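Shown below: entry00.txt, with compact mmCIF, C-alpha atoms.
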# COMPACT_ATOMS: atom_id res chain seq x y z
CA MET A 25 29.60 37.59 -17.98
CA LEU A 26 27.85 35.41 -20.53
CA GLY A 27 26.56 38.29 -22.62
CA GLY A 28 23.31 38.18 -24.55
CA GLY A 29 21.62 41.46 -23.67
CA ASP A 30 22.04 45.14 -24.57
CA ALA A 31 23.20 46.01 -21.05
CA ASP A 32 26.00 43.45 -21.15
CA GLY A 33 27.96 45.48 -23.68
CA THR A 34 29.57 42.50 -25.37
CA GLY A 35 27.76 42.79 -28.66
CA ARG A 36 27.33 39.04 -28.70
CA VAL A 37 24.07 37.12 -28.97
CA LEU A 38 23.80 33.89 -27.00
CA THR A 39 22.19 30.85 -28.55
CA GLY A 40 21.51 27.24 -27.64
CA THR A 41 22.80 26.00 -24.28
CA ASP A 42 24.60 29.27 -23.53
CA ALA A 43 21.33 31.16 -23.80
CA ALA A 44 19.55 28.62 -21.60
CA VAL A 45 22.26 28.80 -18.91
CA ASP A 46 22.14 32.60 -19.05
CA GLY A 47 18.37 32.52 -18.68
CA ALA A 48 18.52 30.20 -15.67
CA LEU A 49 20.96 32.57 -13.96
CA ALA A 50 18.98 35.66 -14.96
CA ALA A 51 15.78 34.25 -13.51
CA LEU A 52 17.40 34.27 -10.10
CA TYR A 53 20.09 36.96 -10.13
CA ASP A 54 19.16 39.57 -12.77
CA ARG A 55 17.00 41.69 -10.47
CA HIS A 56 16.81 45.48 -10.59
CA PRO A 57 17.52 47.33 -7.30
CA ASP A 58 14.14 49.09 -7.59
CA ASP A 59 12.19 45.83 -7.73
CA HIS A 60 11.66 45.91 -3.93
CA GLY A 61 11.39 42.15 -3.77
CA HIS A 62 9.14 41.73 -6.84
CA ASP A 63 10.21 39.97 -10.01
CA ARG A 64 10.54 42.18 -13.09
CA THR A 65 8.84 39.50 -15.16
CA SER A 66 7.53 36.01 -14.62
CA THR A 67 8.53 34.59 -17.96
CA GLY A 68 11.07 32.19 -16.53
CA THR A 69 14.36 31.31 -18.21
CA GLY A 70 15.62 32.47 -21.60
CA THR A 71 14.69 30.79 -24.83
CA GLY A 72 17.87 31.31 -26.83
CA THR A 73 16.29 33.73 -29.31
CA GLY A 74 18.62 36.59 -28.44
CA ARG A 75 16.00 38.76 -26.77
CA SER A 76 16.97 40.75 -23.69
CA ARG A 77 17.49 38.89 -20.47
CA THR A 78 14.54 38.42 -18.16
CA ALA A 79 14.33 37.92 -14.42
CA GLY A 80 11.93 36.09 -12.18
CA LEU A 81 10.66 32.60 -11.55
CA GLY A 82 7.04 33.52 -11.26
CA ALA A 83 4.94 32.37 -8.33
CA SER A 84 3.72 29.04 -9.66
CA VAL A 85 5.04 25.60 -8.82
CA PRO A 86 5.34 24.49 -12.49
CA SER A 87 7.62 27.39 -13.45
CA VAL A 88 9.85 26.81 -10.42
CA VAL A 89 10.00 23.08 -11.05
CA ARG A 90 11.05 23.74 -14.65
CA TRP A 91 13.76 26.09 -13.41
CA LEU A 92 14.97 23.50 -10.89
CA GLY A 93 15.23 20.98 -13.69
CA ASP A 94 17.20 23.45 -15.80
CA ILE A 95 19.80 24.25 -13.14
CA ARG A 96 20.27 20.56 -12.32
CA ALA A 97 21.01 19.97 -16.00
CA TYR A 98 23.47 22.86 -16.32
CA PHE A 99 25.32 22.93 -12.97
CA PRO A 100 26.94 20.43 -10.55
CA ALA A 101 25.11 19.55 -7.33
CA PRO A 102 27.02 21.95 -5.00
CA VAL A 103 26.18 24.89 -7.30
CA VAL A 104 22.55 23.77 -7.54
CA GLN A 105 22.33 23.76 -3.74
CA VAL A 106 23.69 27.31 -3.54
CA MET A 107 21.23 28.52 -6.20
CA GLN A 108 18.30 26.82 -4.45
CA ARG A 109 19.27 28.49 -1.19
CA ASP A 110 19.52 31.87 -2.92
CA ALA A 111 16.13 31.34 -4.58
CA ILE A 112 14.51 30.66 -1.20
CA ASP A 113 16.18 33.71 0.37
CA ARG A 114 15.92 36.20 -2.53
CA LEU A 115 12.59 35.28 -4.07
CA GLY A 116 10.62 34.11 -1.05
CA LEU A 117 9.99 30.62 -2.38
CA ALA A 118 9.88 28.88 0.98
CA THR A 119 6.12 28.42 0.92
CA LEU A 120 6.36 26.66 -2.45
CA LEU A 121 8.32 23.90 -0.69
CA LEU A 122 5.00 22.86 0.82
CA GLU A 123 4.05 21.45 -2.60
CA PRO A 124 4.98 17.77 -3.19
CA GLU A 125 5.86 18.48 -6.85
CA MET A 126 8.31 21.15 -5.77
CA LEU A 127 9.92 18.97 -3.11
CA ALA A 128 10.41 16.13 -5.55
CA ALA A 129 12.38 18.44 -7.87
CA VAL A 130 14.85 19.99 -5.41
CA GLU A 131 18.41 18.83 -4.68
CA PRO A 132 18.35 17.81 -0.99
CA ASP A 133 20.93 19.36 1.32
CA VAL A 134 21.35 20.44 4.95
CA HIS A 135 19.97 23.94 4.32
CA LEU A 136 16.86 22.61 2.61
CA VAL A 137 16.24 20.34 5.61
CA GLY A 138 16.47 23.37 7.89
CA THR A 139 13.91 25.22 5.77
CA LEU A 140 11.54 22.23 5.75
CA LEU A 141 11.76 21.85 9.51
CA SER A 142 10.94 25.52 9.99
CA LEU A 143 7.85 25.05 7.76
CA ARG A 144 6.78 21.82 9.42
CA ASP A 145 3.73 23.21 11.25
CA ALA A 146 2.39 24.76 8.03
CA MET A 147 3.00 21.65 5.96
CA PRO A 148 -0.13 20.00 4.51
CA GLU A 149 -0.60 16.28 5.07
CA THR A 150 -0.03 15.57 1.36
CA THR A 151 3.50 16.98 1.63
CA ARG A 152 4.65 15.38 4.88
CA GLU A 153 5.77 12.04 3.46
CA THR A 154 7.66 13.74 0.64
CA ALA A 155 9.32 16.06 3.16
CA ARG A 156 10.34 13.10 5.34
CA ALA A 157 11.84 11.40 2.29
CA VAL A 158 13.93 14.52 1.56
CA VAL A 159 15.10 14.70 5.19
CA ARG A 160 15.79 10.96 5.19
CA LYS A 161 18.05 11.25 2.13
CA VAL A 162 20.11 14.04 3.68
CA ALA A 163 20.38 12.25 7.04
CA ASP A 164 21.41 8.97 5.37
CA ASP A 165 24.01 10.74 3.23
CA LEU A 166 25.49 12.45 6.29
CA GLU A 167 25.54 9.22 8.27
CA ARG A 168 27.35 7.40 5.46
CA ARG A 169 29.91 10.19 5.33
CA LEU A 170 30.48 10.56 9.07
CA ALA A 171 29.50 7.40 10.95
CA ALA A 172 32.42 5.04 10.23
CA ARG A 173 35.10 7.58 11.11
CA THR A 174 33.22 8.70 14.23
CA ARG A 175 32.82 5.15 15.52
CA ALA A 176 36.45 4.27 14.81
CA THR A 177 37.83 7.45 16.38
CA LEU A 178 35.73 7.28 19.54
CA THR A 179 36.16 3.53 20.03
CA GLY A 180 39.91 4.08 19.84
CA ALA A 181 39.69 6.93 22.34
CA LEU A 182 37.73 4.79 24.79
CA ASP A 183 40.25 1.96 24.43
CA ARG A 184 43.19 4.31 24.99
CA SER A 185 41.58 5.81 28.09
CA ALA A 186 42.06 2.47 29.89
CA ARG A 187 45.64 1.24 30.37
CA THR A 188 47.00 -2.13 31.44
CA SER A 189 50.49 -3.17 32.60
CA ARG A 190 50.09 -6.68 31.20
CA PRO A 191 48.99 -6.16 27.61
CA ARG A 192 48.94 -8.74 24.92
CA HIS A 193 51.44 -8.09 22.13
CA ARG A 194 48.89 -6.52 19.78
CA ASP A 195 47.66 -4.19 22.56
CA ILE A 196 51.08 -2.74 23.49
CA ASP A 197 51.29 1.06 23.32
CA TRP A 198 54.85 1.31 22.05
CA ASP A 199 55.20 5.09 22.41
CA ARG A 200 54.25 5.01 26.09
CA THR A 201 56.26 1.83 26.70
CA ILE A 202 59.44 3.41 25.31
CA ARG A 203 58.92 6.58 27.36
CA ALA A 204 58.32 4.52 30.50
CA ASN A 205 61.59 2.59 29.98
CA LEU A 206 64.02 5.28 28.86
CA LYS A 207 66.02 4.71 32.06
CA ASN A 208 66.79 1.25 30.65
CA HIS A 209 68.42 2.62 27.51
CA LEU A 210 71.52 0.64 26.49
CA PRO A 211 73.42 2.90 24.08
CA GLU A 212 76.05 0.30 23.28
CA HIS A 213 73.29 -1.98 22.00
CA ARG A 214 71.18 0.90 20.65
CA THR A 215 68.11 -0.44 22.39
CA VAL A 216 65.73 0.06 25.29
CA VAL A 217 64.95 -2.84 27.61
CA PRO A 218 61.14 -2.86 28.08
CA GLU A 219 61.05 -3.71 31.76
CA ARG A 220 57.49 -2.39 32.05
CA LEU A 221 54.95 -2.74 29.26
CA VAL A 222 52.14 -0.22 28.78
CA GLY A 223 49.14 -1.19 26.70
CA HIS A 224 45.56 -0.47 25.79
CA ALA A 225 42.99 -2.38 27.79
CA ARG A 226 40.11 -3.95 25.92
CA ALA A 227 36.97 -1.86 26.01
CA ALA A 228 34.71 -2.69 28.91
CA ARG A 229 31.31 -4.11 28.11
CA GLY A 230 29.45 -1.66 30.30
CA VAL A 231 28.92 2.08 29.77
CA ARG A 232 32.10 3.96 30.64
CA LYS A 233 31.35 7.51 29.45
CA GLU A 234 28.31 9.74 29.20
CA VAL A 235 27.85 12.38 26.49
CA VAL A 236 25.15 15.06 26.60
CA LEU A 237 24.54 17.07 23.42
CA CYS A 238 22.73 20.30 24.27
CA VAL A 239 21.68 21.94 20.99
CA ASP A 240 20.31 25.43 20.36
CA GLN A 241 17.42 25.13 17.90
CA SER A 242 17.01 28.82 17.15
CA GLY A 243 16.63 29.57 13.44
CA SER A 244 20.28 30.53 12.88
CA MET A 245 21.43 27.10 14.08
CA ALA A 246 19.54 25.00 11.51
CA ALA A 247 22.59 23.34 9.90
CA SER A 248 24.06 22.59 13.34
CA VAL A 249 20.82 20.94 14.44
CA VAL A 250 20.86 18.62 11.42
CA HIS A 251 24.48 17.54 11.98
CA ALA A 252 23.96 17.18 15.73
CA ALA A 253 20.99 14.86 15.19
CA VAL A 254 23.07 12.57 12.97
CA PHE A 255 26.03 12.55 15.37
CA ALA A 256 23.75 11.88 18.35
CA ALA A 257 22.35 8.81 16.58
CA VAL A 258 25.88 7.57 15.81
CA LEU A 259 27.06 8.11 19.40
CA ALA A 260 23.98 6.32 20.72
CA SER A 261 24.98 3.26 18.67
CA LEU A 262 28.21 2.91 20.72
CA ARG A 263 27.50 0.63 23.68
CA THR A 264 30.21 2.14 25.87
CA ILE A 265 28.79 5.67 25.61
CA ALA A 266 25.47 6.71 27.12
CA THR A 267 24.20 9.51 24.89
CA ARG A 268 21.55 12.12 25.65
CA LEU A 269 20.23 14.74 23.22
CA VAL A 270 18.58 17.91 24.50
CA VAL A 271 17.34 20.68 22.19
CA PHE A 272 16.16 24.06 23.34
CA ASP A 273 14.88 27.50 22.54
CA THR A 274 13.02 29.12 25.44
CA ALA A 275 11.70 25.62 26.24
CA VAL A 276 13.68 22.42 26.61
CA ALA A 277 12.96 19.10 24.88
CA ASP A 278 14.76 15.83 25.63
CA LEU A 279 14.89 13.75 22.42
CA THR A 280 17.01 10.91 23.78
CA ASP A 281 14.26 8.35 23.25
CA ARG A 282 14.33 9.08 19.48
CA LEU A 283 18.04 8.53 18.89
CA ASP A 284 17.55 5.31 16.95
CA ASP A 285 16.37 7.44 14.00
CA PRO A 286 17.84 10.90 13.23
CA VAL A 287 14.82 11.75 11.06
CA ASP A 288 12.53 11.35 14.09
CA VAL A 289 14.94 13.53 16.03
CA LEU A 290 14.81 16.26 13.39
CA PHE A 291 11.03 16.24 13.21
CA GLY A 292 11.02 16.56 16.99
CA THR A 293 12.82 19.91 16.80
CA ARG A 294 11.18 23.30 16.38
CA LEU A 295 13.51 25.70 14.62
CA GLY A 296 13.09 29.35 15.50
CA GLY A 297 12.03 31.20 18.62
CA GLY A 298 14.04 32.63 21.50
CA THR A 299 16.88 31.15 23.52
CA ASP A 300 17.34 30.21 27.18
CA ILE A 301 20.72 28.48 27.42
CA ASP A 302 20.90 28.52 31.21
CA ARG A 303 17.59 26.68 31.48
CA ALA A 304 18.76 24.03 29.01
CA LEU A 305 22.06 23.48 30.84
CA ALA A 306 20.19 23.22 34.14
CA HIS A 307 18.12 20.40 32.63
CA CYS A 308 21.29 18.65 31.43
CA GLN A 309 23.04 19.11 34.76
CA ALA A 310 20.13 17.60 36.67
CA GLY A 311 20.54 14.31 34.78
CA ILE A 312 24.29 13.91 35.35
CA THR A 313 25.04 11.08 37.77
CA ARG A 314 28.78 10.59 37.11
CA PRO A 315 30.29 14.06 36.58
CA ALA A 316 33.89 12.86 36.17
CA ASP A 317 32.84 10.53 33.32
CA THR A 318 30.54 13.00 31.55
CA VAL A 319 31.13 15.34 28.62
CA VAL A 320 28.53 18.05 27.94
CA VAL A 321 28.65 19.55 24.45
CA LEU A 322 26.80 22.85 24.16
CA ILE A 323 26.14 23.81 20.52
CA SER A 324 24.97 27.42 20.42
CA ASP A 325 25.87 30.88 19.12
CA LEU A 326 25.58 32.00 22.79
CA TYR A 327 22.96 34.70 22.19
CA GLU A 328 21.20 34.28 25.53
CA GLY A 329 17.63 35.37 26.18
CA GLY A 330 17.56 34.03 29.75
CA ALA A 331 19.49 35.00 32.87
CA ARG A 332 22.40 37.15 31.77
CA ASP A 333 25.07 35.57 33.97
CA GLY A 334 23.37 32.20 34.35
CA LEU A 335 25.27 30.53 31.49
CA THR A 336 28.77 31.21 32.86
CA LYS A 337 27.76 30.33 36.42
CA ARG A 338 26.21 27.08 35.25
CA VAL A 339 29.30 26.11 33.24
CA ALA A 340 31.56 26.98 36.20
CA ALA A 341 29.47 24.75 38.48
CA MET A 342 29.66 21.87 36.00
CA LYS A 343 33.43 22.17 35.74
CA ALA A 344 33.77 22.33 39.53
CA SER A 345 31.87 19.04 39.80
CA GLY A 346 34.28 17.35 37.35
CA THR A 347 32.11 17.49 34.22
CA GLN A 348 33.92 18.40 31.02
CA VAL A 349 32.15 21.09 28.99
CA VAL A 350 32.75 21.70 25.28
CA VAL A 351 31.17 24.74 23.60
CA LEU A 352 30.71 24.76 19.82
CA LEU A 353 29.48 27.97 18.19
CA ALA A 354 28.38 25.92 15.19
CA LEU A 355 28.57 22.34 13.94
CA SER A 356 28.59 22.93 10.20
CA ASP A 357 30.74 23.58 7.14
CA GLU A 358 29.80 27.26 6.99
CA GLY A 359 32.72 28.75 8.93
CA THR A 360 32.55 30.83 12.09
CA PRO A 361 29.02 32.19 12.60
CA ALA A 362 27.88 35.39 14.26
CA TYR A 363 28.02 34.80 18.01
CA ASP A 364 28.00 36.60 21.35
CA ARG A 365 31.66 37.51 21.78
CA ASP A 366 31.30 38.70 25.39
CA ARG A 367 29.90 35.37 26.53
CA ALA A 368 32.48 33.47 24.49
CA ALA A 369 35.23 35.48 26.24
CA ALA A 370 33.64 34.80 29.65
CA LEU A 371 33.65 31.05 28.92
CA ALA A 372 37.27 31.18 27.74
CA ALA A 373 38.17 32.80 31.06
CA LEU A 374 36.76 29.68 32.75
CA GLY A 375 38.99 27.48 30.60
CA VAL A 376 36.17 26.56 28.21
CA PRO A 377 37.00 27.96 24.76
CA ALA A 378 34.08 28.42 22.36
CA PHE A 379 34.76 27.74 18.68
CA ALA A 380 33.10 26.65 15.46
CA CYS A 381 33.57 23.03 14.42
CA THR A 382 33.13 21.27 11.09
CA PRO A 383 31.41 17.87 11.00
CA ASP A 384 34.70 16.28 9.86
CA LEU A 385 36.53 17.61 12.93
CA PHE A 386 33.83 16.67 15.44
CA PRO A 387 35.05 13.06 16.01
CA GLU A 388 38.52 14.36 16.93
CA ILE A 389 37.02 16.91 19.30
CA MET A 390 34.96 14.23 21.04
CA ALA A 391 37.90 11.81 21.21
CA ALA A 392 40.05 14.47 22.93
CA ALA A 393 37.24 15.30 25.35
CA LEU A 394 36.70 11.63 26.26
CA GLU A 395 40.44 11.17 26.85
CA LYS A 396 40.65 14.48 28.76
CA ARG A 397 43.28 15.76 26.32
CA PRO A 398 43.54 19.36 25.08
CA LEU A 399 40.96 19.94 22.36
CA PRO A 400 42.26 20.29 18.77
CA ILE A 401 40.77 23.75 18.34
CA PRO A 402 40.89 24.89 14.69
CA ALA A 403 42.73 28.09 13.87
CA ASP A 404 40.57 31.09 12.93
Rewritten as structure tokens:
Amino acid sequence: MLGGGDADGTGRVLTGTDAAVDGALAALYDRHPDDHGHDRTSTGTGTGTGRSRTAGLGASVPSVVRWLGDIRAYFPAPVVQVMQRDAIDRLGLATLLLEPEMLAAVEPDVHLVGTLLSLRDAMPETTRETARAVVRKVADDLERRLAARTRATLTGALDRSARTSRPRHRDIDWDRTIRANLKNHLPEHRTVVPERLVGHARAARGVRKEVVLCVDQSGSMAASVVHAAVFAAVLASLRTIATRLVVFDTAVADLTDRLDDPVDVLFGTRLGGGTDIDRALAHCQAGITRPADTVVVLISDLYEGGARDGLTKRVAAMKASGTQVVVLLALSDEGTPAYDRDRAAALAALGVPAFACTPDLFPEIMAAALEKRPLPIPAD
């Protein structure tokens, strides 16, 4: 679209910034179908001299770092993040993220954190602190974006779940009070006599609800794992909610003791591997002491590697005991993921719909679950 090469057919020669932008794009996207995964050249970005476009970032850290600097100069952060993700996927640059110089140059985002966590075991000691700093920045940014609204929404839900018939004026629930006193409507005075007041009770000091986040840490769930870790830390900061975090593949790991720091949670995960959802839910179920006051949130694409019918039987048993179960196919901004439609249908038949949820919607979902209201399921 920018022109600059014989194949573009525009007859125009790019110079200056246009040529540099074209070269930065060409280094990533101008690849011939017959390349079979190999770069046509390793000359990096264009120089603005009008020569034909080149492709490839080379295999050295310096050339990639220069390219990262170029795209950060030419494009806004969301575009840079997309291009970085494409570079990792298309050019196999994941191993270069093990270099501190490379990590210092990238634009941190959720997907980069997922890649770093998957490379954790191969990461040299010299890179670990830089990697933690990258993860810390993303986690802190997410917490700033999500924490205040989550705390406000869930605190309000917990307050509304307790009612009192002798509220103070500021605690009166006027909608419920009017509905409760409609029989006292005086049309001639155009008023309702509030014979009985309904209000919100003040939140109890002790723990009133329990939330268990059960998170699939298979490779396809990387973004969901990052968001779940941040939300788990926020929920754990609410004194009236007892929060547990369980992550799983074919094994199960309880990370509840790390919830004071989402970065520690993330470095306690192991992205990749198989999946045994039934085993993970069994672990969660064993720790439930107050089923009627417990919400279990399963975050998984439902591709089960364990007992075929174990998942639905386990969820049915939880519901029968009074536990509320919420199933999220993803907790991310990426839209509906690939998922096991048969198992999703089986869960829906039990009255447990499975759906994808954005981080911005998650507080509303949790508030509805805590209040035992219908969930605000997003439209497809």
Quiz item: CA of Asp165 in chain A and CA of Ala101 in chain A, how far apart in Å?
Solution: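 Separation of CA of Ala101 in chain A and CA of Asp165 in chain A: 13.8 Å.
Among the candidates A:Ser324, A:Thr382, A:Thr39, A:Thr274, the residue lying nearest to Leu355 in chain A is A:Thr382 (atoms considered: only C-alpha atoms).
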Around the point (37.3, 30.6, 21.0) (coordinates from the file), which residues reach within 10 Å if we count all atoms listed in the file? Answer as an mmCIF file with C-alpha atoms, in the frame of the given file.
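Listed below is the output, selection.cif:
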data_model
loop_
_atom_site.group_PDB
_atom_site.id
_atom_site.type_symbol
_atom_site.label_atom_id
_atom_site.label_comp_id
_atom_site.auth_asym_id
_atom_site.auth_seq_id
_atom_site.Cartn_x
_atom_site.Cartn_y
_atom_site.Cartn_z
ATOM 1 C CA VAL A 351 31.170 24.740 23.600
ATOM 2 C CA LEU A 352 30.710 24.760 19.820
ATOM 3 C CA LEU A 353 29.480 27.970 18.190
ATOM 4 C CA ARG A 365 31.660 37.510 21.780
ATOM 5 C CA ALA A 368 32.480 33.470 24.490
ATOM 6 C CA ALA A 369 35.230 35.480 26.240
ATOM 7 C CA LEU A 371 33.650 31.050 28.920
ATOM 8 C CA ALA A 372 37.270 31.180 27.740
ATOM 9 C CA VAL A 376 36.170 26.560 28.210
ATOM 10 C CA PRO A 377 37.000 27.960 24.760
ATOM 11 C CA ALA A 378 34.080 28.420 22.360
ATOM 12 C CA PHE A 379 34.760 27.740 18.680
ATOM 13 C CA ALA A 380 33.100 26.650 15.460
ATOM 14 C CA ILE A 401 40.770 23.750 18.340
ATOM 15 C CA PRO A 402 40.890 24.890 14.690
ATOM 16 C CA ALA A 403 42.730 28.090 13.870
ATOM 17 C CA ASP A 404 40.570 31.090 12.930
#
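The interatomic distance for the pair CA of Ala253 in chain A and CA of Ala111 in chain A works out to 26.2 Å.
From CA of Asp199 in chain A back to CA of Arg220 in chain A, the distance works out to 12.4 Å.
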Could you give me range 110-139 of chain A completed to N, CA and C atoms, formatted as an mmCIF file, in the frame of the given file?
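So the final result, stored in out.cif, reads:
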data_model
loop_
_atom_site.group_PDB
_atom_site.id
_atom_site.type_symbol
_atom_site.label_atom_id
_atom_site.label_comp_id
_atom_site.auth_asym_id
_atom_site.auth_seq_id
_atom_site.Cartn_x
_atom_site.Cartn_y
_atom_site.Cartn_z
ATOM 1 N N ASP A 110 19.703 30.471 -2.537
ATOM 2 C CA ASP A 110 19.520 31.870 -2.920
ATOM 3 C C ASP A 110 18.082 32.126 -3.389
ATOM 4 N N ALA A 111 17.504 31.163 -4.107
ATOM 5 C CA ALA A 111 16.130 31.340 -4.580
ATOM 6 C C ALA A 111 15.159 31.438 -3.410
ATOM 7 N N ILE A 112 15.382 30.614 -2.389
ATOM 8 C CA ILE A 112 14.510 30.660 -1.200
ATOM 9 C C ILE A 112 14.662 31.982 -0.487
ATOM 10 N N ASP A 113 15.920 32.470 -0.356
ATOM 11 C CA ASP A 113 16.180 33.710 0.370
ATOM 12 C C ASP A 113 15.769 34.951 -0.423
ATOM 13 N N ARG A 114 16.103 34.997 -1.726
ATOM 14 C CA ARG A 114 15.920 36.200 -2.530
ATOM 15 C C ARG A 114 14.510 36.343 -3.078
ATOM 16 N N LEU A 115 13.881 35.222 -3.395
ATOM 17 C CA LEU A 115 12.590 35.280 -4.070
ATOM 18 C C LEU A 115 11.422 34.819 -3.204
ATOM 19 N N GLY A 116 11.697 34.494 -1.955
ATOM 20 C CA GLY A 116 10.620 34.110 -1.050
ATOM 21 C C GLY A 116 9.888 32.860 -1.477
ATOM 22 N N LEU A 117 10.631 31.829 -1.880
ATOM 23 C CA LEU A 117 9.990 30.620 -2.380
ATOM 24 C C LEU A 117 9.762 29.558 -1.322
ATOM 25 N N ALA A 118 9.989 29.896 -0.065
ATOM 26 C CA ALA A 118 9.880 28.880 0.980
ATOM 27 C C ALA A 118 8.516 28.219 1.008
ATOM 28 N N THR A 119 7.466 29.001 0.841
ATOM 29 C CA THR A 119 6.120 28.420 0.920
ATOM 30 C C THR A 119 5.854 27.434 -0.214
ATOM 31 N N LEU A 120 6.555 27.604 -1.357
ATOM 32 C CA LEU A 120 6.360 26.660 -2.450
ATOM 33 C C LEU A 120 6.906 25.275 -2.116
ATOM 34 N N LEU A 121 7.786 25.201 -1.099
ATOM 35 C CA LEU A 121 8.320 23.900 -0.690
ATOM 36 C C LEU A 121 7.247 23.048 -0.020
ATOM 37 N N LEU A 122 6.101 23.627 0.238
ATOM 38 C CA LEU A 122 5.000 22.860 0.820
ATOM 39 C C LEU A 122 4.270 22.048 -0.241
ATOM 40 N N GLU A 123 4.680 22.196 -1.501
ATOM 41 C CA GLU A 123 4.050 21.450 -2.600
ATOM 42 C C GLU A 123 4.869 20.191 -2.895
ATOM 43 N N PRO A 124 4.232 19.004 -2.922
ATOM 44 C CA PRO A 124 4.980 17.770 -3.190
ATOM 45 C C PRO A 124 5.764 17.809 -4.497
ATOM 46 N N GLU A 125 5.184 18.414 -5.551
ATOM 47 C CA GLU A 125 5.860 18.480 -6.850
ATOM 48 C C GLU A 125 7.159 19.255 -6.734
ATOM 49 N N MET A 126 7.123 20.329 -5.972
ATOM 50 C CA MET A 126 8.310 21.150 -5.770
ATOM 51 C C MET A 126 9.379 20.380 -5.000
ATOM 52 N N LEU A 127 8.977 19.716 -3.930
ATOM 53 C CA LEU A 127 9.920 18.970 -3.110
ATOM 54 C C LEU A 127 10.600 17.861 -3.891
ATOM 55 N N ALA A 128 9.848 17.226 -4.774
ATOM 56 C CA ALA A 128 10.410 16.130 -5.550
ATOM 57 C C ALA A 128 11.465 16.613 -6.534
ATOM 58 N N ALA A 129 11.465 17.905 -6.848
ATOM 59 C CA ALA A 129 12.380 18.440 -7.870
ATOM 60 C C ALA A 129 13.661 19.015 -7.284
ATOM 61 N N VAL A 130 13.695 19.286 -5.981
ATOM 62 C CA VAL A 130 14.850 19.990 -5.410
ATOM 63 C C VAL A 130 16.005 19.020 -5.175
ATOM 64 N N GLU A 131 17.196 19.583 -5.053
ATOM 65 C CA GLU A 131 18.410 18.830 -4.680
ATOM 66 C C GLU A 131 18.529 18.891 -3.163
ATOM 67 N N PRO A 132 18.356 17.766 -2.464
ATOM 68 C CA PRO A 132 18.350 17.810 -0.990
ATOM 69 C C PRO A 132 19.712 18.198 -0.429
ATOM 70 N N ASP A 133 19.719 19.051 0.590
ATOM 71 C CA ASP A 133 20.930 19.360 1.320
ATOM 72 C C ASP A 133 20.553 19.821 2.722
ATOM 73 N N VAL A 134 21.571 20.087 3.541
ATOM 74 C CA VAL A 134 21.350 20.440 4.950
ATOM 75 C C VAL A 134 20.481 21.686 5.075
ATOM 76 N N HIS A 135 20.704 22.682 4.224
ATOM 77 C CA HIS A 135 19.970 23.940 4.320
ATOM 78 C C HIS A 135 18.498 23.735 3.951
ATOM 79 N N LEU A 136 18.248 22.904 2.973
ATOM 80 C CA LEU A 136 16.860 22.610 2.610
ATOM 81 C C LEU A 136 16.150 21.915 3.769
ATOM 82 N N VAL A 137 16.842 21.010 4.440
ATOM 83 C CA VAL A 137 16.240 20.340 5.610
ATOM 84 C C VAL A 137 15.873 21.376 6.664
ATOM 85 N N GLY A 138 16.772 22.326 6.917
ATOM 86 C CA GLY A 138 16.470 23.370 7.890
ATOM 87 C C GLY A 138 15.228 24.156 7.512
ATOM 88 N N THR A 139 15.091 24.493 6.231
ATOM 89 C CA THR A 139 13.910 25.220 5.770
ATOM 90 C C THR A 139 12.645 24.384 5.952
#
